[in-house]
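Down below is the structure, laid out as structure tokens.
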Amino acid sequence: MTRAYDPHSIEEKWQAVWESEGLYSVSEDASRPKKYVLEMFPYPSGDIHMGHVRNYSIGDVIARFSTMRGMNVLHPIGWDAFGLPAENAAIKSNTHPATWTYANIDKQAASFKRMGFSYDWDRTVKSCDVDYYRWGQWIFLKFWERGLVERKSSPVNWCPSCATVLANEQVIGEGVCWRCKSVVTKRELEQWYFKITEYAQELLDDLDALPGWPERVKTMQANWIGRSEGAEVDFALCDEAGEPTDTTITVFTTRPDTLFGCTFFLLAPEHPLVHELTHGTVYAADVQKVVAAAARETAVERASGEAEKLGAFTGRYVVNPVNGEKVPVWVSNYVLMEYGTGAVMAVPCGDQRDFEFARMYGLPIPPVVVAEDDPLLEQVREARERVLADVPWAEAYDGPGVMVQSGEFTGMPGGKASTGMRAVTEWLEARGQGRFSINFRLRDWLISRQRYWGNPIPAVHCPACGLLPVPEDQLPVVLPMDVDITKGETLADHPEFYETTCPKCGGAARRETDTMDTFTCSSWYYFRYCDARNSDALFGRDAADYWMPVDQYIGGIEHAILHLLYSRFFTKVFADMGLTSAREPFTNLLTQGMVKKDGETMSKSKGNVVAPEDMIARYGADALRAFILFMAPPDKDLDWNQDGLEGMFRFLGRLWRYVAELAEGPDGANAASDGASALPDEAAKALVRERHRVVGKVTDDVEHFGFNTALSAMMELLNAAGEYRRAASPELRDLALEREVAEVLTLLIAPYAPHMAEELWRNVLGHATSVHREPWPTWDPAQAAADEVEVVVQVNGKVRGRVVVPADASEDVLREAALAEPHVREHTEGRTVRKMVVVPGKLVNVVVG
């Protein structure tokens with residue numbers, strides 16, 4: 001009796017064999033094409049969840065498939081182990097973050113091994129290991145040497161719940177913390193920054209060199225970088241008596257053609273001039289009310305245009321350089337210090353927020369660019385001076401049009417990239433009052449955090465020598481393990497850590513007590529995998545140039561701006577340092593969808609979590625892997641359905657029985673057969689055709705991430721093989737063909753169900769070596785082609801019959817066969833055939849009148 005499929009008797013057995021054989025350990029091999037397959041490394045937050053199962057199963061299928069296709073595949077794993085969640089969890093459980101983190105790493109590693117993922121475990125990295133984060137400190141020093149590190153005081157995003165600062169990219173949605181969702185506030189602090197803005201243009205331009213990335217992700221990055229072409233314009237500041245001074249305030253504008261419509265000037269509440277201009281004046285109290293109100297709002301709320309616009313006059317004026325008019329300086333909450341220069345020339349006729357502010361405070365709104373179909377144009381077309389001080393519009397107009405009331409530029413085309421825009425900028429440039437400029441929305445990356453569990457910043461504060469880097473030969477700056485975070489301690493409360501000597505003068509000094517943002521650890525880990533045990537360098541150039549860039553990267557869309565943008569920045573700096581020839585880290589990117597239950601995201605708080613361990617205990621890892629890839633395309637959300645998992649388990653059982661019954665049947669797995677039947681066998685021909693068709697389809701589907709349709713095709717081949725076995729006479733069955741199909745099915749399913757495939761290949765079909773080192777099955781398109789095809793016949797668009805014709809039948813043959821079909825004849829007799837539409841191999845539509 002054929003042994004039943006029992007995943008629990010084979011899965012852990014083969015995992016041990018693979019480990020002892022070193023099956024997934026790889027090294028550079030110039031004789032083979034390489035493929036670097038990588039899933040974003042996980043945070044060790046506890047037990048793995050279904051999102052992990054899906055993400056890492058996708059990568060494992062790609063890695064195994066690529067290996068069988070003859071590629072030298074690097075498929076590593078590690079852990080993004082520093083960060084705030086470990087601190088918070090450690091405080092909650094009254095333990096140390098290191099204890100919590102390493103325990104979870106061990107737990108997740110065991111789960112990944114139980115899933116049968118084909119990782120090269122010899123290359124594992126953990127970002128909280130000293131031999132990893134010391135190289136993060138080395139990178140910091142090298143960035144510092146290249147002028148890419150800066151420490152400065154500025155308004156920063158502060159999460160009161162996490163008690164630390166956040167980068168702009170970590171403030172999401174309606175101005176909340178990306179981790180805890182608390183409302184983010186602003187604080188003035190001295191912080192460390194990486195000058196990612198130095199690479200803004202290259203980061204934007206090189207998006208065009210990433211055809212393997214989803215357009216959605218590239219658009220998100222392009223919008224975040226936010227390149228704007230325009231002009232910088234200098235406004236002279238007037239003194240308290242209203243007389244122009246030599247002090248200028250510079251603004252950036254994308255619409256210099258609207259300068260004649262500037263009727264007021266705005267400063268951000270955080271602008272350093274606000275206090276200077278108003279301190280001790282009668283305007284100070286009102287201005288401070290706006291400053292205080294803005295501090296209570298998030299940057300997102302202030303920039304949205306939906307919040308109430310608050311403003312106060314400072315009592316001072318600036319001079320508009322194009323017409324000499326004195327323009328009042330106001331402070332408003334909708335101007336942000338971190339965008340542009342923190343100062344705005346307000347043109348209410350052309351900007352909706354300025355328009356609303358002007359209406360609220362009774363400021364003039366003269367038209368300066370009018371649409372050609374606007375009746376207002378005739379009224380002001382020829383006016384070079386202001387004849388109309390206010391528009392009759394209900395809202396601002398920011399489109400193209402004709403410049404009016406604009407001095408010598410009146411009548412020119414206005415709008416972005418217009419003749420008028422260029423003419424005004426050239427006029428300003430000639431007078432030293434402006435210049436062409438490019439501005440980016442992207443701001444430098446704030447990387448310092450006021451928390452313990454992170455990579456220490458390698459810097460020293462000396463009273464005599466100032467701020468200095470820790471010398472390379474003194475790395476690593478080791479994170480002490482005796483900080484008690486359950487009492488709220490940080491490195492700043494730990495004198496054994498921060499008391500040190502100056503590397504320059506030898507005097508008493510203080511170590512930097514901030515740690516680095518955890519994203520600094522995840523921005524280069526993929527390089528370390530290339531040479532993970534190198535104790536002398538970040539990585540070897542030869543190893544990096546062999547493996548990099550990553551050929552296929554897999555992870556969530558939520559990392560589109562944060563991790564993916566930072567990684568591109570690091571890679572470009574590494575290339576400029578001569579460490580690698582790669583200028584982009586990831587050639588192809590797949591962003592997988594979420595795993596949901598009943599339409600909702602799985603979470604413990606909702607009580608709808610399905611634990612992978614429970615499913616493995618019942619159905620085995622192979623069934624879970626295959627099911628989670630079968631239920632939806634990888635880039636779409638998947639709704640959990642345990643009945644579907646049961647169905648996948650049954651399919652694997654059927655495949656097992658088919659192969660096992662063939663191998664263990666009366667004729668034996670290795671029965672001799674010359675492949676020829678005593679009589680012509682149409683059933684055998686059909687099975688051969690299906691074998692070649694399915695191999696071709698599965699190959700193409702897996703290459704294009706159609707993992708679900710590839711599994712469907714395997715099911716079709718198994719069905720065809722079963723039908724052949726049942727239909728063919730025992731004495732005419734082609735045993736060689738059946739064995740070939742059994743082996744093909746085993747090879748096809750191997751990336752999805754690696755344990756079952758290995759057991760079938762080695763212990764049922766009798767091969768000596770691993771199925772995962774076998775070449776992928778070949779196929780012949782000619783043999784996959786059908787001799788005959790079934791063609792649908794319609795009459796006036798309605799299906800009336802079907803005809804079977806040779807696959808290469810001409811259109812004339814198709815027309816003749818369609819008209820001869822009995823049911824079609826019933827609907828065409830006595831009627832005139834006016835037209836026949838033929839789609840070869842698929843359809844004939846007979847149009848009758």
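Within each chain, counting starts at residue 1; across the structure tokens, chains are named A, B, ... in the order shown, with ligands numbered 1 upward in that order.
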Please list as number ranges by chain every residue within 12 Å of Trp453 of chain A, counting only C-alpha atoms and excluding residues in the same chain fewer than 6 positions away.
A: 81-91, 96-101, 127-129, 133, 478-485, 489-491, 513-518
Do a neighbour search on Ser712 of chain A at 12 Å with only C-alpha atoms, toss out local chain neighbours closer than 3 positions, and write the hits as a PDB file with N, CA, C and O atoms, in the first residue's frame.
ATOM      1  N   ALA A 626       3.016  26.891  -0.130  1.00  0.00           N
ATOM      2  CA  ALA A 626       2.344  26.829  -1.425  1.00  0.00           C
ATOM      3  C   ALA A 626       1.011  27.577  -1.389  1.00  0.00           C
ATOM      4  O   ALA A 626       0.661  28.310  -2.327  1.00  0.00           O
ATOM      5  N   PHE A 627       0.271  27.409  -0.294  1.00  0.00           N
ATOM      6  CA  PHE A 627      -1.038  28.065  -0.188  1.00  0.00           C
ATOM      7  C   PHE A 627      -0.907  29.584  -0.220  1.00  0.00           C
ATOM      8  O   PHE A 627      -1.668  30.263  -0.907  1.00  0.00           O
ATOM      9  N   LEU A 629       1.192  31.410  -1.530  1.00  0.00           N
ATOM     10  CA  LEU A 629       1.568  31.904  -2.856  1.00  0.00           C
ATOM     11  C   LEU A 629       0.469  31.666  -3.888  1.00  0.00           C
ATOM     12  O   LEU A 629       0.476  32.285  -4.948  1.00  0.00           O
ATOM     13  N   PHE A 630      -0.459  30.768  -3.568  1.00  0.00           N
ATOM     14  CA  PHE A 630      -1.518  30.400  -4.508  1.00  0.00           C
ATOM     15  C   PHE A 630      -2.722  31.330  -4.416  1.00  0.00           C
ATOM     16  O   PHE A 630      -3.445  31.536  -5.399  1.00  0.00           O
ATOM     17  N   MET A 631      -2.934  31.939  -3.265  1.00  0.00           N
ATOM     18  CA  MET A 631      -4.187  32.633  -3.015  1.00  0.00           C
ATOM     19  C   MET A 631      -4.324  33.979  -3.711  1.00  0.00           C
ATOM     20  O   MET A 631      -5.436  34.485  -3.873  1.00  0.00           O
ATOM     21  N   ALA A 632      -3.221  34.606  -4.120  1.00  0.00           N
ATOM     22  CA  ALA A 632      -3.312  35.922  -4.768  1.00  0.00           C
ATOM     23  C   ALA A 632      -1.976  36.246  -5.418  1.00  0.00           C
ATOM     24  O   ALA A 632      -0.937  35.713  -5.006  1.00  0.00           O
ATOM     25  N   MET A 648      -4.956  23.059  -0.531  1.00  0.00           N
ATOM     26  CA  MET A 648      -3.572  22.926  -0.984  1.00  0.00           C
ATOM     27  C   MET A 648      -2.941  21.668  -0.393  1.00  0.00           C
ATOM     28  O   MET A 648      -2.175  20.968  -1.081  1.00  0.00           O
ATOM     29  N   PHE A 651      -4.038  18.848  -2.492  1.00  0.00           N
ATOM     30  CA  PHE A 651      -3.329  18.804  -3.776  1.00  0.00           C
ATOM     31  C   PHE A 651      -1.947  18.173  -3.614  1.00  0.00           C
ATOM     32  O   PHE A 651      -1.534  17.328  -4.423  1.00  0.00           O
ATOM     33  N   VAL A 694       2.901  22.922 -19.851  1.00  0.00           N
ATOM     34  CA  VAL A 694       2.914  23.326 -18.445  1.00  0.00           C
ATOM     35  C   VAL A 694       4.309  23.763 -18.012  1.00  0.00           C
ATOM     36  O   VAL A 694       4.460  24.760 -17.296  1.00  0.00           O
ATOM     37  N   VAL A 695       5.332  23.057 -18.432  1.00  0.00           N
ATOM     38  CA  VAL A 695       6.690  23.485 -18.058  1.00  0.00           C
ATOM     39  C   VAL A 695       6.974  24.887 -18.592  1.00  0.00           C
ATOM     40  O   VAL A 695       7.518  25.740 -17.886  1.00  0.00           O
ATOM     41  N   LYS A 697       4.759  27.199 -19.286  1.00  0.00           N
ATOM     42  CA  LYS A 697       3.921  28.166 -18.572  1.00  0.00           C
ATOM     43  C   LYS A 697       4.455  28.429 -17.166  1.00  0.00           C
ATOM     44  O   LYS A 697       4.532  29.581 -16.726  1.00  0.00           O
ATOM     45  N   VAL A 698       4.795  27.365 -16.438  1.00  0.00           N
ATOM     46  CA  VAL A 698       5.312  27.549 -15.080  1.00  0.00           C
ATOM     47  C   VAL A 698       6.589  28.380 -15.105  1.00  0.00           C
ATOM     48  O   VAL A 698       6.783  29.275 -14.275  1.00  0.00           O
ATOM     49  N   ASP A 701       5.619  31.951 -15.798  1.00  0.00           N
ATOM     50  CA  ASP A 701       4.875  32.521 -14.672  1.00  0.00           C
ATOM     51  C   ASP A 701       5.782  32.852 -13.498  1.00  0.00           C
ATOM     52  O   ASP A 701       5.672  33.919 -12.892  1.00  0.00           O
ATOM     53  N   VAL A 702       6.672  31.940 -13.141  1.00  0.00           N
ATOM     54  CA  VAL A 702       7.559  32.194 -11.999  1.00  0.00           C
ATOM     55  C   VAL A 702       8.494  33.348 -12.306  1.00  0.00           C
ATOM     56  O   VAL A 702       8.772  34.195 -11.449  1.00  0.00           O
ATOM     57  N   GLY A 706       4.115  35.141 -11.299  1.00  0.00           N
ATOM     58  CA  GLY A 706       2.777  34.550 -11.343  1.00  0.00           C
ATOM     59  C   GLY A 706       2.782  33.225 -10.594  1.00  0.00           C
ATOM     60  O   GLY A 706       2.480  32.166 -11.167  1.00  0.00           O
ATOM     61  N   PHE A 707       3.112  33.292  -9.305  1.00  0.00           N
ATOM     62  CA  PHE A 707       3.265  32.062  -8.526  1.00  0.00           C
ATOM     63  C   PHE A 707       1.948  31.289  -8.424  1.00  0.00           C
ATOM     64  O   PHE A 707       1.940  30.057  -8.396  1.00  0.00           O
ATOM     65  N   ASN A 708       0.849  32.010  -8.361  1.00  0.00           N
ATOM     66  CA  ASN A 708      -0.449  31.345  -8.233  1.00  0.00           C
ATOM     67  C   ASN A 708      -0.844  30.639  -9.528  1.00  0.00           C
ATOM     68  O   ASN A 708      -1.319  29.495  -9.510  1.00  0.00           O
ATOM     69  N   THR A 709      -0.652  31.297 -10.655  1.00  0.00           N
ATOM     70  CA  THR A 709      -1.008  30.662 -11.927  1.00  0.00           C
ATOM     71  C   THR A 709      -0.055  29.519 -12.276  1.00  0.00           C
ATOM     72  O   THR A 709      -0.446  28.561 -12.953  1.00  0.00           O
ATOM     73  N   MET A 715      -1.340  21.847 -11.294  1.00  0.00           N
ATOM     74  CA  MET A 715      -2.555  21.084 -11.013  1.00  0.00           C
ATOM     75  C   MET A 715      -3.145  20.520 -12.302  1.00  0.00           C
ATOM     76  O   MET A 715      -3.638  19.380 -12.343  1.00  0.00           O
ATOM     77  N   GLU A 716      -3.090  21.318 -13.372  1.00  0.00           N
ATOM     78  CA  GLU A 716      -3.599  20.853 -14.659  1.00  0.00           C
ATOM     79  C   GLU A 716      -2.775  19.679 -15.180  1.00  0.00           C
ATOM     80  O   GLU A 716      -3.329  18.706 -15.724  1.00  0.00           O
ATOM     81  N   LEU A 717      -1.455  19.743 -15.013  1.00  0.00           N
ATOM     82  CA  LEU A 717      -0.612  18.638 -15.468  1.00  0.00           C
ATOM     83  C   LEU A 717      -0.879  17.388 -14.637  1.00  0.00           C
ATOM     84  O   LEU A 717      -0.943  16.270 -15.178  1.00  0.00           O
ATOM     85  N   LEU A 718      -1.052  17.538 -13.330  1.00  0.00           N
ATOM     86  CA  LEU A 718      -1.359  16.385 -12.485  1.00  0.00           C
ATOM     87  C   LEU A 718      -2.703  15.772 -12.899  1.00  0.00           C
ATOM     88  O   LEU A 718      -2.838  14.540 -12.966  1.00  0.00           O
ATOM     89  N   ASN A 719      -3.681  16.607 -13.197  1.00  0.00           N
ATOM     90  CA  ASN A 719      -4.974  16.099 -13.653  1.00  0.00           C
ATOM     91  C   ASN A 719      -4.823  15.332 -14.962  1.00  0.00           C
ATOM     92  O   ASN A 719      -5.405  14.256 -15.152  1.00  0.00           O
ATOM     93  N   LEU A 748       9.028  20.782 -10.703  1.00  0.00           N
ATOM     94  CA  LEU A 748       8.253  22.021 -10.738  1.00  0.00           C
ATOM     95  C   LEU A 748       7.796  22.450  -9.350  1.00  0.00           C
ATOM     96  O   LEU A 748       7.758  23.642  -9.026  1.00  0.00           O
ATOM     97  N   ILE A 749       7.416  21.467  -8.520  1.00  0.00           N
ATOM     98  CA  ILE A 749       6.886  21.809  -7.196  1.00  0.00           C
ATOM     99  C   ILE A 749       8.009  22.087  -6.203  1.00  0.00           C
ATOM    100  O   ILE A 749       7.753  22.646  -5.118  1.00  0.00           O
TER     101      ILE A 749
END
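Counting only C-alpha atoms, Val183 of chain A has the following residues at most 9 Å away, ignoring those fewer than 6 positions along the same chain: Trp158, Cys159, Pro160, Ser161, Val171, Glu174, Gly175, Val176, Cys177 and Thr298 of chain A.
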Can you write out the residues you just picked, keeping all heavy atoms, as a PDB file, in the first residue's frame?
ATOM      1  N   TRP A 158       9.402  65.867  17.219  1.00  0.00           N
ATOM      2  CA  TRP A 158       9.567  65.210  18.512  1.00  0.00           C
ATOM      3  C   TRP A 158       8.346  64.347  18.811  1.00  0.00           C
ATOM      4  O   TRP A 158       7.218  64.826  18.772  1.00  0.00           O
ATOM      5  CB  TRP A 158       9.743  66.245  19.614  1.00  0.00           C
ATOM      6  CG  TRP A 158       9.888  65.648  20.985  1.00  0.00           C
ATOM      7  CD1 TRP A 158       8.901  65.475  21.913  1.00  0.00           C
ATOM      8  CD2 TRP A 158      11.078  65.122  21.572  1.00  0.00           C
ATOM      9  NE1 TRP A 158       9.405  64.873  23.043  1.00  0.00           N
ATOM     10  CE2 TRP A 158      10.740  64.645  22.866  1.00  0.00           C
ATOM     11  CE3 TRP A 158      12.399  64.998  21.136  1.00  0.00           C
ATOM     12  CZ2 TRP A 158      11.678  64.067  23.721  1.00  0.00           C
ATOM     13  CZ3 TRP A 158      13.329  64.411  21.984  1.00  0.00           C
ATOM     14  CH2 TRP A 158      12.970  63.962  23.261  1.00  0.00           C
ATOM     15  N   CYS A 159       8.605  63.059  19.080  1.00  0.00           N
ATOM     16  CA  CYS A 159       7.527  62.167  19.492  1.00  0.00           C
ATOM     17  C   CYS A 159       7.515  62.100  21.011  1.00  0.00           C
ATOM     18  O   CYS A 159       8.464  61.553  21.611  1.00  0.00           O
ATOM     19  CB  CYS A 159       7.698  60.766  18.900  1.00  0.00           C
ATOM     20  SG  CYS A 159       6.435  59.607  19.489  1.00  0.00           S
ATOM     21  N   PRO A 160       6.487  62.624  21.658  1.00  0.00           N
ATOM     22  CA  PRO A 160       6.462  62.617  23.119  1.00  0.00           C
ATOM     23  C   PRO A 160       6.338  61.219  23.708  1.00  0.00           C
ATOM     24  O   PRO A 160       6.809  60.964  24.811  1.00  0.00           O
ATOM     25  CB  PRO A 160       5.233  63.470  23.451  1.00  0.00           C
ATOM     26  CG  PRO A 160       4.380  63.423  22.230  1.00  0.00           C
ATOM     27  CD  PRO A 160       5.319  63.308  21.076  1.00  0.00           C
ATOM     28  N   SER A 161       5.732  60.300  22.974  1.00  0.00           N
ATOM     29  CA  SER A 161       5.569  58.942  23.480  1.00  0.00           C
ATOM     30  C   SER A 161       6.881  58.169  23.415  1.00  0.00           C
ATOM     31  O   SER A 161       7.274  57.510  24.365  1.00  0.00           O
ATOM     32  CB  SER A 161       4.493  58.204  22.680  1.00  0.00           C
ATOM     33  OG  SER A 161       4.406  56.866  23.081  1.00  0.00           O
ATOM     34  N   VAL A 171       7.506  60.964   9.948  1.00  0.00           N
ATOM     35  CA  VAL A 171       6.246  61.592  10.344  1.00  0.00           C
ATOM     36  C   VAL A 171       5.251  61.301   9.225  1.00  0.00           C
ATOM     37  O   VAL A 171       5.438  61.727   8.085  1.00  0.00           O
ATOM     38  CB  VAL A 171       6.403  63.112  10.549  1.00  0.00           C
ATOM     39  CG1 VAL A 171       5.081  63.732  10.978  1.00  0.00           C
ATOM     40  CG2 VAL A 171       7.483  63.393  11.578  1.00  0.00           C
ATOM     41  N   GLU A 174      -1.458  62.106   9.236  1.00  0.00           N
ATOM     42  CA  GLU A 174      -1.834  63.407   9.770  1.00  0.00           C
ATOM     43  C   GLU A 174      -0.852  63.881  10.831  1.00  0.00           C
ATOM     44  O   GLU A 174      -1.225  64.301  11.920  1.00  0.00           O
ATOM     45  CB  GLU A 174      -3.252  63.331  10.344  1.00  0.00           C
ATOM     46  CG  GLU A 174      -4.313  63.051   9.302  1.00  0.00           C
ATOM     47  CD  GLU A 174      -4.333  64.119   8.216  1.00  0.00           C
ATOM     48  OE1 GLU A 174      -4.312  65.303   8.552  1.00  0.00           O
ATOM     49  OE2 GLU A 174      -4.358  63.752   7.028  1.00  0.00           O
ATOM     50  N   GLY A 175       0.449  63.770  10.506  1.00  0.00           N
ATOM     51  CA  GLY A 175       1.470  64.285  11.407  1.00  0.00           C
ATOM     52  C   GLY A 175       1.702  63.434  12.634  1.00  0.00           C
ATOM     53  O   GLY A 175       1.893  63.963  13.733  1.00  0.00           O
ATOM     54  N   VAL A 176       1.717  62.094  12.461  1.00  0.00           N
ATOM     55  CA  VAL A 176       1.910  61.202  13.600  1.00  0.00           C
ATOM     56  C   VAL A 176       3.190  60.399  13.434  1.00  0.00           C
ATOM     57  O   VAL A 176       3.740  60.270  12.335  1.00  0.00           O
ATOM     58  CB  VAL A 176       0.713  60.243  13.782  1.00  0.00           C
ATOM     59  CG1 VAL A 176      -0.553  61.025  14.052  1.00  0.00           C
ATOM     60  CG2 VAL A 176       0.538  59.333  12.564  1.00  0.00           C
ATOM     61  N   CYS A 177       3.654  59.845  14.549  1.00  0.00           N
ATOM     62  CA  CYS A 177       4.864  59.023  14.568  1.00  0.00           C
ATOM     63  C   CYS A 177       4.618  57.737  13.786  1.00  0.00           C
ATOM     64  O   CYS A 177       3.591  57.082  13.943  1.00  0.00           O
ATOM     65  CB  CYS A 177       5.245  58.711  16.011  1.00  0.00           C
ATOM     66  SG  CYS A 177       6.596  57.512  16.188  1.00  0.00           S
ATOM     67  N   THR A 298       0.972  70.122  13.857  1.00  0.00           N
ATOM     68  CA  THR A 298       1.980  69.332  13.148  1.00  0.00           C
ATOM     69  C   THR A 298       2.301  70.006  11.821  1.00  0.00           C
ATOM     70  O   THR A 298       1.523  70.808  11.296  1.00  0.00           O
ATOM     71  CB  THR A 298       1.476  67.909  12.877  1.00  0.00           C
ATOM     72  OG1 THR A 298       0.406  67.974  11.920  1.00  0.00           O
ATOM     73  CG2 THR A 298       0.971  67.250  14.147  1.00  0.00           C
TER      74      THR A 298
END
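Among the candidates A:Asp354, A:Glu11, A:Asp473, A:Glu190, the one nearest to Leu310 of chain A when counting only C-alpha atoms is A:Asp354.
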message = From a backbone DSSP assignment, name each residue in segment 386-598 of chain A labelled helix (DSSP H, G or I), as JSON, numbers by chain.
response = {"A": [407, 408, 409, 419, 420, 421, 422, 423, 424, 425, 426, 427, 428, 429, 430, 472, 473, 474, 485, 486, 487, 491, 492, 493, 495, 496, 497, 498, 519, 520, 521, 522, 525, 526, 527, 528, 529, 530, 531, 541, 542, 543, 544, 545, 546, 547, 557, 558, 559, 562, 563, 564, 565, 566, 567, 568, 569, 570, 571, 572, 573, 574, 575, 576]}
Using C-alpha atoms, can you export the residues from the last selection as a PDB file, in the first residue's frame?
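Heads up, here's the output in out.pdb:
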ATOM      1  CA  GLY A 407       5.353  96.697 -16.041  1.00  0.00           C
ATOM      2  CA  GLU A 408       7.471  96.003 -19.083  1.00  0.00           C
ATOM      3  CA  PHE A 409       6.519  92.317 -18.938  1.00  0.00           C
ATOM      4  CA  THR A 419       8.614  83.162 -21.422  1.00  0.00           C
ATOM      5  CA  GLY A 420       7.523  85.634 -18.764  1.00  0.00           C
ATOM      6  CA  MET A 421       9.002  83.566 -15.960  1.00  0.00           C
ATOM      7  CA  ARG A 422      12.374  83.463 -17.693  1.00  0.00           C
ATOM      8  CA  ALA A 423      12.271  87.151 -18.621  1.00  0.00           C
ATOM      9  CA  VAL A 424      11.567  88.302 -15.057  1.00  0.00           C
ATOM     10  CA  THR A 425      14.323  86.069 -13.663  1.00  0.00           C
ATOM     11  CA  GLU A 426      16.854  87.372 -16.194  1.00  0.00           C
ATOM     12  CA  TRP A 427      15.837  90.935 -15.311  1.00  0.00           C
ATOM     13  CA  LEU A 428      16.426  90.234 -11.595  1.00  0.00           C
ATOM     14  CA  GLU A 429      19.715  88.487 -12.288  1.00  0.00           C
ATOM     15  CA  ALA A 430      21.008  91.426 -14.318  1.00  0.00           C
ATOM     16  CA  GLU A 472      39.196  54.774  13.505  1.00  0.00           C
ATOM     17  CA  ASP A 473      41.645  52.760  15.581  1.00  0.00           C
ATOM     18  CA  GLN A 474      39.433  53.358  18.638  1.00  0.00           C
ATOM     19  CA  ILE A 485      16.306  51.424  30.810  1.00  0.00           C
ATOM     20  CA  THR A 486      13.540  50.266  33.136  1.00  0.00           C
ATOM     21  CA  LYS A 487      14.520  53.286  35.253  1.00  0.00           C
ATOM     22  CA  LEU A 491      23.648  56.862  27.672  1.00  0.00           C
ATOM     23  CA  ALA A 492      23.467  60.439  28.970  1.00  0.00           C
ATOM     24  CA  ASP A 493      22.892  58.979  32.470  1.00  0.00           C
ATOM     25  CA  PRO A 495      29.191  58.373  33.183  1.00  0.00           C
ATOM     26  CA  GLU A 496      31.157  55.155  32.641  1.00  0.00           C
ATOM     27  CA  PHE A 497      30.205  55.539  28.981  1.00  0.00           C
ATOM     28  CA  TYR A 498      30.376  59.265  28.339  1.00  0.00           C
ATOM     29  CA  PHE A 519      17.596  53.057   9.416  1.00  0.00           C
ATOM     30  CA  THR A 520      21.342  53.699   9.302  1.00  0.00           C
ATOM     31  CA  CYS A 521      21.773  49.983  10.082  1.00  0.00           C
ATOM     32  CA  SER A 522      19.408  48.824   7.330  1.00  0.00           C
ATOM     33  CA  TYR A 525      23.272  45.406   5.316  1.00  0.00           C
ATOM     34  CA  TYR A 526      22.905  43.972   1.798  1.00  0.00           C
ATOM     35  CA  PHE A 527      26.558  44.898   1.160  1.00  0.00           C
ATOM     36  CA  ARG A 528      27.681  43.157   4.337  1.00  0.00           C
ATOM     37  CA  TYR A 529      26.030  39.926   3.228  1.00  0.00           C
ATOM     38  CA  CYS A 530      28.474  39.843   0.308  1.00  0.00           C
ATOM     39  CA  ASP A 531      31.396  39.456   2.718  1.00  0.00           C
ATOM     40  CA  ARG A 541      35.543  45.143  -3.246  1.00  0.00           C
ATOM     41  CA  ASP A 542      35.798  41.913  -5.255  1.00  0.00           C
ATOM     42  CA  ALA A 543      32.982  40.250  -3.323  1.00  0.00           C
ATOM     43  CA  ALA A 544      30.765  43.315  -3.594  1.00  0.00           C
ATOM     44  CA  ASP A 545      31.400  43.717  -7.299  1.00  0.00           C
ATOM     45  CA  TYR A 546      30.556  40.060  -7.893  1.00  0.00           C
ATOM     46  CA  TRP A 547      27.247  40.059  -5.995  1.00  0.00           C
ATOM     47  CA  ILE A 557       5.442  49.380   0.007  1.00  0.00           C
ATOM     48  CA  GLU A 558       5.650  51.152   3.376  1.00  0.00           C
ATOM     49  CA  HIS A 559       9.425  51.353   2.895  1.00  0.00           C
ATOM     50  CA  LEU A 562      12.382  55.572   4.191  1.00  0.00           C
ATOM     51  CA  HIS A 563      14.549  52.486   3.746  1.00  0.00           C
ATOM     52  CA  LEU A 564      14.649  52.394  -0.041  1.00  0.00           C
ATOM     53  CA  LEU A 565      15.644  56.048  -0.426  1.00  0.00           C
ATOM     54  CA  TYR A 566      18.264  55.848   2.325  1.00  0.00           C
ATOM     55  CA  SER A 567      19.733  52.662   0.802  1.00  0.00           C
ATOM     56  CA  ARG A 568      20.073  54.350  -2.580  1.00  0.00           C
ATOM     57  CA  PHE A 569      21.869  57.257  -0.882  1.00  0.00           C
ATOM     58  CA  PHE A 570      24.314  54.958   0.944  1.00  0.00           C
ATOM     59  CA  THR A 571      25.085  53.026  -2.233  1.00  0.00           C
ATOM     60  CA  LYS A 572      25.901  56.193  -4.163  1.00  0.00           C
ATOM     61  CA  VAL A 573      28.233  57.379  -1.408  1.00  0.00           C
ATOM     62  CA  PHE A 574      29.913  53.966  -1.292  1.00  0.00           C
ATOM     63  CA  ALA A 575      30.454  54.162  -5.054  1.00  0.00           C
ATOM     64  CA  ASP A 576      32.004  57.624  -4.718  1.00  0.00           C
TER      65      ASP A 576
END
